[in-house]
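Novice: Next up is a structure, given as structure tokens.
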Amino acid sequence: MSSTDKHPLDSGPLEGRAQVDQEVTSGAVADMWLCLLTNLEQHEVNALGECNMALAFDLELAVRVAERESQPVASVMGEVLAFYNDKLALSLDCDELAPRLAVSASRQRRGGSQLH
């Protein structure tokens, strides 16, 4: 890639949305990453390659945007997944995956809060 080429993920999937706190803890990203890994097939994980943590970060931001905008989490997660499909030429099934991720993330949050 030349210095004039932009990386496909130079801009984020939630650009222009409600301002969200970009300071996401590594623990929150790790939790979302685990949700992601438990809901993806191996070939999907392989297709994401080095972008799997970036997707986890953006999905965590999606939860925050959804809460701030009073939108369904699965809907905003679907937008993030569609963005990754477009930018990285993936074929993630947004309609099926987004609701599963939203449920998984909700369970993770409830379970994590019970530990404290």
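Numbering starts fresh at 1 for the residues of each chain in the structure tokens, the chains themselves are lettered A, B, ... in the order given, and ligands are numbered from 1 as they appear.
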Which residues, written as a list of chain:residue names, have at least one atom at most 12 Å from Pro72 in chain A, with only C-alpha atoms counted and residues fewer than 2 positions away on the same chain left out?

Specialist: A:Ala62, A:Val63, A:Arg64, A:Val65, A:Ala66, A:Glu67, A:Arg68, A:Glu69, A:Ser70, A:Ala74, A:Ser75, A:Val76, A:Met77, A:Gly78, A:Glu79, A:Ala98, A:Pro99, A:Ala102, A:Val103, A:Ser106

Novice: Within 12 Å of Val45 in chain A, counting only C-alpha atoms, which residues show up once you throw out same-chain ones fewer than 5 positions away? Write them as a list in words, please.

Specialist: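 With the cut-off at 12 Å, the set is Trp33, Leu34, Leu36, Leu37, Thr38, Asn39, Leu40, Glu50, Cys51, Asn52, Met53, Leu55, Ala56, Leu90, Ser91 and Leu92 of chain A.
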
Novice: Could you tell me how far CA of Ala28 in chain A sits from CA of Asn85 in chain A, in Å to one decimal place?

Specialist: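 Interatomic distance here is 22.9 Å.
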
Novice: I'd like the contact shell of Val24 in chain A - 12 Å cut-off, only C-alpha atoms, skipping same-chain residues fewer than 2 positions apart - returned as a ChimeraX atom specification.

Specialist: /A:20-22,26-32,54,56-64

Novice: Just N, CA and C atoms for this one: save the residues we selected as a short mmCIF file (atom, residue, chain, number, x, y, z; two decimals), in the first residue's frame.

Specialist:
data_model
loop_
_atom_site.label_atom_id
_atom_site.label_comp_id
_atom_site.auth_asym_id
_atom_site.auth_seq_id
_atom_site.Cartn_x
_atom_site.Cartn_y
_atom_site.Cartn_z
N VAL A 20 -19.60 9.86 21.26
CA VAL A 20 -19.48 8.85 22.30
C VAL A 20 -18.07 8.93 22.86
N ASP A 21 -17.95 8.49 24.06
CA ASP A 21 -16.65 8.46 24.72
C ASP A 21 -15.76 7.46 24.01
N GLN A 22 -14.71 7.95 23.37
CA GLN A 22 -13.80 7.07 22.64
C GLN A 22 -12.86 6.30 23.58
N SER A 26 -9.78 -1.57 27.94
CA SER A 26 -9.33 -2.80 27.30
C SER A 26 -10.20 -3.97 27.75
N GLY A 27 -10.69 -3.92 28.99
CA GLY A 27 -11.57 -4.98 29.48
C GLY A 27 -12.88 -5.04 28.71
N ALA A 28 -13.45 -3.86 28.40
CA ALA A 28 -14.70 -3.81 27.64
C ALA A 28 -14.49 -4.35 26.23
N VAL A 29 -13.36 -3.99 25.62
CA VAL A 29 -13.06 -4.50 24.27
C VAL A 29 -12.83 -6.01 24.32
N ALA A 30 -12.13 -6.47 25.34
CA ALA A 30 -11.88 -7.91 25.49
C ALA A 30 -13.19 -8.67 25.66
N ASP A 31 -14.10 -8.14 26.47
CA ASP A 31 -15.41 -8.78 26.64
C ASP A 31 -16.17 -8.85 25.32
N MET A 32 -16.15 -7.74 24.55
CA MET A 32 -16.84 -7.73 23.26
C MET A 32 -16.15 -8.68 22.28
N ALA A 54 -10.34 -4.47 16.18
CA ALA A 54 -10.94 -3.21 15.75
C ALA A 54 -12.46 -3.35 15.69
N ALA A 56 -14.24 -5.45 17.49
CA ALA A 56 -14.69 -5.52 18.88
C ALA A 56 -14.79 -4.12 19.47
N PHE A 57 -13.81 -3.28 19.20
CA PHE A 57 -13.82 -1.90 19.69
C PHE A 57 -15.03 -1.16 19.12
N ASP A 58 -15.25 -1.27 17.80
CA ASP A 58 -16.37 -0.57 17.18
C ASP A 58 -17.72 -1.10 17.65
N LEU A 59 -17.80 -2.39 17.93
CA LEU A 59 -19.05 -2.95 18.47
C LEU A 59 -19.32 -2.43 19.88
N GLU A 60 -18.26 -2.25 20.66
CA GLU A 60 -18.43 -1.67 22.00
C GLU A 60 -18.91 -0.22 21.87
N LEU A 61 -18.34 0.51 20.92
CA LEU A 61 -18.83 1.87 20.67
C LEU A 61 -20.29 1.85 20.20
N ALA A 62 -20.66 0.83 19.43
CA ALA A 62 -22.04 0.71 18.96
C ALA A 62 -23.02 0.60 20.12
N VAL A 63 -22.62 -0.14 21.15
CA VAL A 63 -23.47 -0.26 22.34
C VAL A 63 -23.67 1.12 22.96
N ARG A 64 -22.60 1.88 23.06
CA ARG A 64 -22.68 3.22 23.66
C ARG A 64 -23.52 4.17 22.81
#

Novice: Kindly give the distance, in Å, that separates CA of Leu97 in chain A and CA of Val73 in chain A, rounded to a single decimal.

Specialist: 12.0 Å

Novice: List every residue of range 15-81 of chain A that DSSP, applied to the backbone of this structure, assigns to alpha helix (DSSP H), and report them as an NGL selection string.

Specialist: :A and (26-39 or 42-48 or 52-69 or 73-81)
